[in-house]
$ cat run_28.tsv   # TSV, C-alpha atoms
chain	number	residue	atom	x	y	z
A	1	MET	CA	175.72	99.56	104.91
A	2	GLY	CA	172.18	100.93	105.02
A	3	LEU	CA	169.00	98.97	105.61
A	4	LYS	CA	168.70	95.93	103.34
A	5	ARG	CA	165.56	93.90	102.68
A	6	LEU	CA	166.57	91.90	99.61
A	7	ILE	CA	169.64	89.74	98.96
A	8	ILE	CA	170.22	88.52	95.41
A	9	PHE	CA	172.62	85.57	95.28
A	10	ASP	CA	174.53	84.11	92.40
A	11	PHE	CA	174.39	80.29	92.47
A	12	ASP	CA	177.48	78.61	90.97
A	13	GLY	CA	180.55	79.40	93.04
A	14	THR	CA	178.55	81.40	95.57
A	15	LEU	CA	176.02	79.01	97.10
A	16	ALA	CA	177.03	75.69	95.53
A	17	ASP	CA	180.41	74.24	94.59
A	18	THR	CA	179.64	73.19	91.02
A	19	ARG	CA	183.10	73.87	89.60
A	20	ARG	CA	184.04	70.20	89.22
A	21	ASN	CA	180.77	69.42	87.43
A	22	ILE	CA	181.06	72.40	85.10
A	23	VAL	CA	184.72	71.86	84.16
A	24	LEU	CA	184.27	68.12	83.61
A	25	THR	CA	181.19	68.65	81.45
A	26	MET	CA	182.89	71.37	79.40
A	27	GLN	CA	185.92	69.15	78.77
A	28	GLN	CA	183.72	66.17	77.83
A	29	THR	CA	181.83	68.43	75.44
A	30	MET	CA	185.08	69.55	73.83
A	31	THR	CA	186.14	65.94	73.37
A	32	GLU	CA	182.81	64.93	71.84
A	33	ARG	CA	182.88	67.95	69.51
A	34	HIS	CA	186.51	67.20	68.52
A	35	LEU	CA	187.78	70.52	69.85
A	36	PRO	CA	191.11	71.14	71.61
A	37	VAL	CA	190.39	70.46	75.28
A	38	ALA	CA	190.91	73.54	77.43
A	39	ASP	CA	192.45	73.19	80.89
A	40	GLU	CA	190.58	73.61	84.17
A	41	ALA	CA	191.60	77.24	84.65
A	42	ALA	CA	190.33	78.27	81.20
A	43	CYS	CA	187.02	76.47	81.77
A	44	ALA	CA	186.55	77.84	85.28
A	45	ALA	CA	187.23	81.39	84.06
A	46	THR	CA	183.98	81.22	82.06
A	47	ILE	CA	181.77	80.28	85.03
A	48	GLY	CA	179.02	82.84	85.44
A	49	LEU	CA	178.69	83.58	81.73
A	50	PRO	CA	175.73	82.35	79.66
A	51	LEU	CA	176.52	78.89	78.28
A	52	ASP	CA	177.00	80.02	74.68
A	53	ASP	CA	179.42	82.72	75.82
A	54	CYS	CA	181.46	80.17	77.81
A	55	PHE	CA	182.31	78.31	74.61
A	56	ARG	CA	182.60	81.54	72.59
A	57	GLN	CA	185.24	82.84	75.02
A	58	ILE	CA	187.38	79.72	74.60
A	59	TYR	CA	186.73	79.22	70.87
A	60	PRO	CA	186.12	82.66	69.34
A	61	HIS	CA	186.51	81.24	65.82
A	62	LEU	CA	183.46	78.94	66.06
A	63	THR	CA	180.28	79.81	64.18
A	64	ASP	CA	177.00	80.44	66.02
A	65	GLU	CA	175.79	77.02	64.85
A	66	GLU	CA	178.87	75.30	66.26
A	67	ILE	CA	178.51	77.20	69.55
A	68	ALA	CA	174.85	76.13	69.76
A	69	ALA	CA	175.90	72.51	69.15
A	70	CYS	CA	178.44	72.73	71.99
A	71	ALA	CA	175.77	74.12	74.32
A	72	ALA	CA	173.36	71.31	73.41
A	73	VAL	CA	175.98	68.64	74.10
A	74	TYR	CA	176.91	70.33	77.38
A	75	ARG	CA	173.30	70.35	78.60
A	76	ARG	CA	172.87	66.66	77.78
A	77	LEU	CA	176.11	65.65	79.52
A	78	PHE	CA	175.48	67.88	82.53
A	79	GLU	CA	172.20	66.07	83.28
A	80	VAL	CA	174.16	62.82	83.48
A	81	ASN	CA	177.08	64.24	85.44
A	82	LYS	CA	175.05	66.00	88.11
A	83	LYS	CA	173.69	62.60	89.21
A	84	LYS	CA	177.22	61.18	89.52
A	85	LEU	CA	178.91	64.27	90.96
A	86	VAL	CA	176.38	65.78	93.33
A	87	PRO	CA	177.43	69.39	94.03
A	88	SER	CA	177.80	70.42	97.64
A	89	LEU	CA	176.91	73.68	99.33
A	90	PHE	CA	179.82	75.80	100.45
A	91	PRO	CA	180.44	75.98	104.22
A	92	TYR	CA	177.84	77.93	106.23
A	93	VAL	CA	175.55	78.50	103.22
A	94	ARG	CA	172.58	76.53	104.52
A	95	GLU	CA	172.81	77.98	108.04
A	96	THR	CA	173.18	81.52	106.69
A	97	LEU	CA	170.23	81.26	104.30
A	98	GLN	CA	168.10	79.79	107.07
A	99	ARG	CA	169.02	82.55	109.50
A	100	LEU	CA	168.55	85.37	107.01
A	101	HIS	CA	165.16	83.93	106.03
A	102	GLN	CA	164.15	83.78	109.69
A	103	GLN	CA	165.25	87.40	110.11
A	104	GLY	CA	162.86	88.46	107.35
A	105	TYR	CA	165.23	89.06	104.46
A	106	VAL	CA	163.89	88.31	100.98
A	107	LEU	CA	166.35	85.89	99.35
A	108	THR	CA	166.53	85.40	95.58
A	109	ILE	CA	168.88	84.02	92.93
A	110	ALA	CA	170.13	85.58	89.69
A	111	SER	CA	172.15	83.07	87.70
A	112	SER	CA	173.45	82.35	84.21
A	113	ARG	CA	172.16	78.79	84.71
A	114	SER	CA	168.72	77.92	83.29
A	115	SER	CA	165.78	78.39	85.64
A	116	ALA	CA	164.86	74.69	85.33
A	117	SER	CA	168.36	73.64	86.38
A	118	LEU	CA	168.27	76.11	89.30
A	119	ASN	CA	164.95	74.77	90.51
A	120	ASP	CA	166.25	71.19	90.29
A	121	PHE	CA	169.32	72.05	92.36
A	122	LEU	CA	167.34	74.03	94.95
A	123	ARG	CA	164.91	71.15	95.35
A	124	ASP	CA	167.66	68.51	95.59
A	125	MET	CA	169.61	70.63	98.11
A	126	ASN	CA	166.50	71.43	100.17
A	127	LEU	CA	166.91	75.19	99.71
A	128	SER	CA	163.64	75.98	97.93
A	129	ALA	CA	161.91	77.12	101.14
A	130	TYR	CA	164.37	79.99	101.56
A	131	ILE	CA	164.35	81.35	97.99
A	132	SER	CA	161.49	83.66	97.00
A	133	TYR	CA	162.36	84.40	93.38
A	134	ILE	CA	164.68	83.08	90.66
A	135	VAL	CA	166.03	84.66	87.50
A	136	GLY	CA	167.78	82.22	85.17
A	137	ALA	CA	169.50	82.72	81.85
A	138	ASP	CA	166.28	81.93	80.01
A	139	ASP	CA	164.37	84.65	81.89
A	140	VAL	CA	166.34	87.62	80.53
A	141	THR	CA	167.43	89.10	77.21
A	142	ASP	CA	170.69	90.54	78.53
A	143	ALA	CA	172.92	88.48	80.82
A	144	LYS	CA	175.41	89.53	83.48
A	145	PRO	CA	177.10	92.02	83.75
A	146	HIS	CA	174.01	93.74	82.31
A	147	PRO	CA	171.69	94.79	85.18
A	148	GLU	CA	168.58	93.14	83.71
A	149	PRO	CA	168.56	90.11	86.09
A	150	VAL	CA	168.67	92.45	89.10
A	151	LEU	CA	166.25	95.00	87.66
A	152	LYS	CA	163.78	92.22	86.86
A	153	THR	CA	164.02	90.99	90.45
A	154	LEU	CA	163.56	94.46	91.94
A	155	LYS	CA	160.52	95.13	89.76
A	156	ALA	CA	158.91	91.77	90.51
A	157	LEU	CA	159.30	92.21	94.28
A	158	GLY	CA	158.67	95.96	94.43
A	159	ILE	CA	161.92	96.66	96.28
A	160	PRO	CA	164.22	99.60	95.42
A	161	ALA	CA	167.86	99.07	94.51
A	162	SER	CA	168.91	100.99	97.63
A	163	GLU	CA	167.49	98.17	99.78
A	164	ALA	CA	169.12	95.33	97.83
A	165	LEU	CA	172.48	93.57	97.98
A	166	VAL	CA	173.98	91.36	95.25
A	167	VAL	CA	176.27	88.52	96.41
A	168	GLY	CA	178.50	86.72	93.92
A	169	ASP	CA	181.87	85.14	93.24
A	170	MET	CA	182.68	86.58	89.80
A	171	PRO	CA	183.35	90.09	88.50
A	172	VAL	CA	180.24	89.85	86.29
A	173	ASP	CA	178.10	89.44	89.43
A	174	ILE	CA	179.59	92.55	91.03
A	175	MET	CA	179.30	94.57	87.82
A	176	MET	CA	175.67	93.47	87.41
A	177	GLY	CA	174.82	94.74	90.89
A	178	ARG	CA	176.71	98.00	90.44
A	179	ASN	CA	175.03	98.57	87.07
A	180	ALA	CA	171.65	98.12	88.76
A	181	GLY	CA	172.49	100.50	91.60
A	182	THR	CA	172.64	97.95	94.43
A	183	GLN	CA	175.39	97.33	96.93
A	184	THR	CA	177.57	94.33	96.22
A	185	CYS	CA	179.33	91.62	98.22
A	186	ALA	CA	181.96	89.34	96.71
A	187	VAL	CA	182.95	85.91	98.05
A	188	THR	CA	186.56	84.76	97.76
A	189	TYR	CA	185.96	80.99	97.84
A	190	GLY	CA	184.44	80.80	94.34
A	191	ASN	CA	186.01	81.07	90.91
A	192	ALA	CA	187.70	84.51	90.92
A	193	THR	CA	190.59	86.01	92.86
A	194	ARG	CA	190.28	88.69	95.52
A	195	GLN	CA	192.16	91.05	93.21
A	196	GLN	CA	189.66	90.49	90.39
A	197	LEU	CA	186.75	91.10	92.77
A	198	GLU	CA	188.33	94.27	94.14
A	199	ALA	CA	188.93	95.51	90.60
A	200	ALA	CA	185.25	94.88	89.78
A	201	GLY	CA	184.33	97.30	92.57
A	202	ALA	CA	182.78	95.08	95.24
A	203	ASP	CA	181.56	97.11	98.23
A	204	PHE	CA	182.85	94.42	100.58
A	205	ILE	CA	184.42	90.98	100.33
A	206	ILE	CA	183.88	87.94	102.56
A	207	ASP	CA	185.83	84.70	102.92
A	208	ASN	CA	182.89	82.56	104.04
A	209	MET	CA	179.13	82.95	103.96
A	210	LYS	CA	178.60	83.39	107.70
A	211	GLU	CA	180.50	86.69	107.50
A	212	LEU	CA	177.55	88.05	105.51
A	213	ILE	CA	175.40	88.18	108.66
A	214	GLU	CA	178.01	90.29	110.43
A	215	HIS	CA	178.12	92.77	107.57
A	216	LEU	CA	174.34	93.04	107.44
A	217	ARG	CA	174.29	94.07	111.10

$ encode --input "run_28.tsv" --output "structure tokens"
Amino acid sequence: MGLKRLIIFDFDGTLADTRRNIVLTMQQTMTERHLPVADEAACAATIGLPLDDCFRQIYPHLTDEEIAACAAVYRRLFEVNKKKLVPSLFPYVRETLQRLHQQGYVLTIASSRSSASLNDFLRDMNLSAYISYIVGADDVTDAKPHPEPVLKTLKALGIPASEALVVGDMPVDIMMGRNAGTQTCAVTYGNATRQQLEAAGADFIIDNMKELIEHLR
């Protein structure tokens, strides 16, 4: 695999199981905005995209103003829902982050979620001590699969792409890493199929987070 110093993780579907929260909030938003309510599969297929693009993918006919209104309703409802439906970490995530941190890896997050929301989740899940740097949707001009979130991270930390690995559950995560020149690892337990992750060009695929340590050896 080559020597790696930096691991850039996606958040939703990679570290934390937020699918139920996201789908519920999207469907509640659709109801409040009097839109046809999309099913779980259609909602989940948008996870990883910037919030505006999630609604734009499902409702391509909506105006920019209507999309912005959907996003505003979603953010309001999500704040309520995340207190009722507390997301859980996927199996072995905490132990793996702790071990990688102890081994000297620099661990960061690049997500389509806002940086404030990421920081809230990391604090509530007691993960903040392991994460050195965060790039949220509000920190970049171009979202995944554009390489900007990764390139911003590499520049901030002074680490070359050849020493970085991107870990994510969606094709956009893998494409982002490939576009930035890093190696990529896909996880199968998130919101995409193994076939979709293979088609995106993942360098390797794992079925649970503890397998990452084996690959890094």

$ closest_atom_pairs --input "run_28.tsv" --of "range 73-169 of chain A" --to "range 187-190 of chain A" --cutoff "12 Å" --atoms "only C-alpha atoms" --output "JSON lines"
{"residue": "A:Leu89", "atom": "CA", "partner": "A:Gly190", "partner_atom": "CA", "distance": 11.5}
{"residue": "A:Phe90", "atom": "CA", "partner": "A:Tyr189", "partner_atom": "CA", "distance": 8.5}
{"residue": "A:Pro91", "atom": "CA", "partner": "A:Tyr189", "partner_atom": "CA", "distance": 9.8}
{"residue": "A:Val93", "atom": "CA", "partner": "A:Val187", "partner_atom": "CA", "distance": 11.7}
{"residue": "A:Val166", "atom": "CA", "partner": "A:Val187", "partner_atom": "CA", "distance": 10.9}
{"residue": "A:Val167", "atom": "CA", "partner": "A:Val187", "partner_atom": "CA", "distance": 7.4}
{"residue": "A:Gly168", "atom": "CA", "partner": "A:Val187", "partner_atom": "CA", "distance": 6.1}
{"residue": "A:Asp169", "atom": "CA", "partner": "A:Val187", "partner_atom": "CA", "distance": 5.0}

$ closest_residue --input "run_28.tsv" --among "A:Arg178, A:Arg33, A:Arg99, A:Lys83" --to "Cys70 in chain A" --atoms "all atoms listed in the file"
A:Arg33

$ closest_residue --input "run_28.tsv" --among "A:Arg5, A:Arg113, A:Arg19, A:Lys82" --to "Pro149 in chain A" --atoms "all atoms listed in the file"
A:Arg113

$ residues_near_point --input "run_28.tsv" --point "(172.3, 81.4, 91.3)" --cutoff "9 Å" --atoms "all atoms listed in the file" --output "ChimeraX atom specification"
/A:8-16,108-113,118,134-136,168

$ residues_around --input "run_28.tsv" --residues "Cys185 in chain A" --least-positions-apart "5" --cutoff "12 Å" --atoms "only C-alpha atoms" --output "PyMOL selection string"
chain A and resi 1+7-10+14+164-171+173-178+194+197-198+200-209+211-213+215-216

$ closest_residue --input "run_28.tsv" --among "A:Ala72, A:Val172, A:Met30, A:Leu77" --to "Ile58 in chain A" --atoms "all atoms listed in the file"
A:Met30

$ atom_distance --input "run_28.tsv" --atom1 "CA of Asn179 in chain A" --atom2 "CA of Asp142 in chain A"
12.5 Å

$ closest_residue --input "run_28.tsv" --among "A:Gln98, A:Gln103, A:Gln28, A:Ser88" --to "Phe121 in chain A" --atoms "only C-alpha atoms"
A:Ser88

$ atom_distance --input "run_28.tsv" --atom1 "CA of Glu148 in chain A" --atom2 "CA of Asn119 in chain A"
19.9 Å

$ residues_near_point --input "run_28.tsv" --point "(182.4, 77.7, 80.8)" --cutoff "8 Å" --atoms "all atoms listed in the file" --output "PyMOL selection string"
chain A and resi 22-23+26+42-49+51+53-55

$ residues_around --input "run_28.tsv" --residues "Ala129 in chain A" --least-positions-apart "2" --cutoff "12 Å" --atoms "all atoms listed in the file" --output "PDB file with C-alpha atoms, in the coordinates of the input"
ATOM      1  CA  ARG A  94     172.580  76.530 104.520  1.00  0.00           C
ATOM      2  CA  LEU A  97     170.230  81.260 104.300  1.00  0.00           C
ATOM      3  CA  GLN A  98     168.100  79.790 107.070  1.00  0.00           C
ATOM      4  CA  HIS A 101     165.160  83.930 106.030  1.00  0.00           C
ATOM      5  CA  GLN A 102     164.150  83.780 109.690  1.00  0.00           C
ATOM      6  CA  VAL A 106     163.890  88.310 100.980  1.00  0.00           C
ATOM      7  CA  LEU A 107     166.350  85.890  99.350  1.00  0.00           C
ATOM      8  CA  THR A 108     166.530  85.400  95.580  1.00  0.00           C
ATOM      9  CA  ASN A 119     164.950  74.770  90.510  1.00  0.00           C
ATOM     10  CA  LEU A 122     167.340  74.030  94.950  1.00  0.00           C
ATOM     11  CA  ARG A 123     164.910  71.150  95.350  1.00  0.00           C
ATOM     12  CA  ASP A 124     167.660  68.510  95.590  1.00  0.00           C
ATOM     13  CA  MET A 125     169.610  70.630  98.110  1.00  0.00           C
ATOM     14  CA  ASN A 126     166.500  71.430 100.170  1.00  0.00           C
ATOM     15  CA  LEU A 127     166.910  75.190  99.710  1.00  0.00           C
ATOM     16  CA  ILE A 131     164.350  81.350  97.990  1.00  0.00           C
ATOM     17  CA  SER A 132     161.490  83.660  97.000  1.00  0.00           C
ATOM     18  CA  TYR A 133     162.360  84.400  93.380  1.00  0.00           C
TER      19      TYR A 133
END

$ atom_distance --input "run_28.tsv" --atom1 "CA of Leu100 in chain A" --atom2 "CA of Pro50 in chain A"
28.4 Å

$ closest_residue --input "run_28.tsv" --among "A:Glu40, A:Glu214, A:Glu32, A:Glu163" --to "Ala71 in chain A" --atoms "all atoms listed in the file"
A:Glu32

$ residues_around --input "run_28.tsv" --residues "Ser162 in chain A" --least-positions-apart "5" --cutoff "9 Å" --atoms "all atoms listed in the file" --output "MDAnalysis selection string"
chainID A and resid 2:4 181:183

$ residues_around --input "run_28.tsv" --residues "Glu79 in chain A" --least-positions-apart "6" --cutoff "12 Å" --atoms "all atoms listed in the file" --output "number ranges by chain"
A: 21-22, 25, 72-73, 85-86, 116-117, 120-121

$ write_last_selection --input "run_28.tsv" --atoms "C-alpha atoms" --output "PDB file, in the frame of the given file"
ATOM      1  CA  ASN A  21     180.770  69.420  87.430  1.00  0.00           C
ATOM      2  CA  ILE A  22     181.060  72.400  85.100  1.00  0.00           C
ATOM      3  CA  THR A  25     181.190  68.650  81.450  1.00  0.00           C
ATOM      4  CA  ALA A  72     173.360  71.310  73.410  1.00  0.00           C
ATOM      5  CA  VAL A  73     175.980  68.640  74.100  1.00  0.00           C
ATOM      6  CA  LEU A  85     178.910  64.270  90.960  1.00  0.00           C
ATOM      7  CA  VAL A  86     176.380  65.780  93.330  1.00  0.00           C
ATOM      8  CA  ALA A 116     164.860  74.690  85.330  1.00  0.00           C
ATOM      9  CA  SER A 117     168.360  73.640  86.380  1.00  0.00           C
ATOM     10  CA  ASP A 120     166.250  71.190  90.290  1.00  0.00           C
ATOM     11  CA  PHE A 121     169.320  72.050  92.360  1.00  0.00           C
TER      12      PHE A 121
END

$ closest_residue --input "run_28.tsv" --among "A:Leu35, A:Ala180, A:Asp17, A:Pro87" --to "His61 in chain A" --atoms "all atoms listed in the file"
A:Leu35
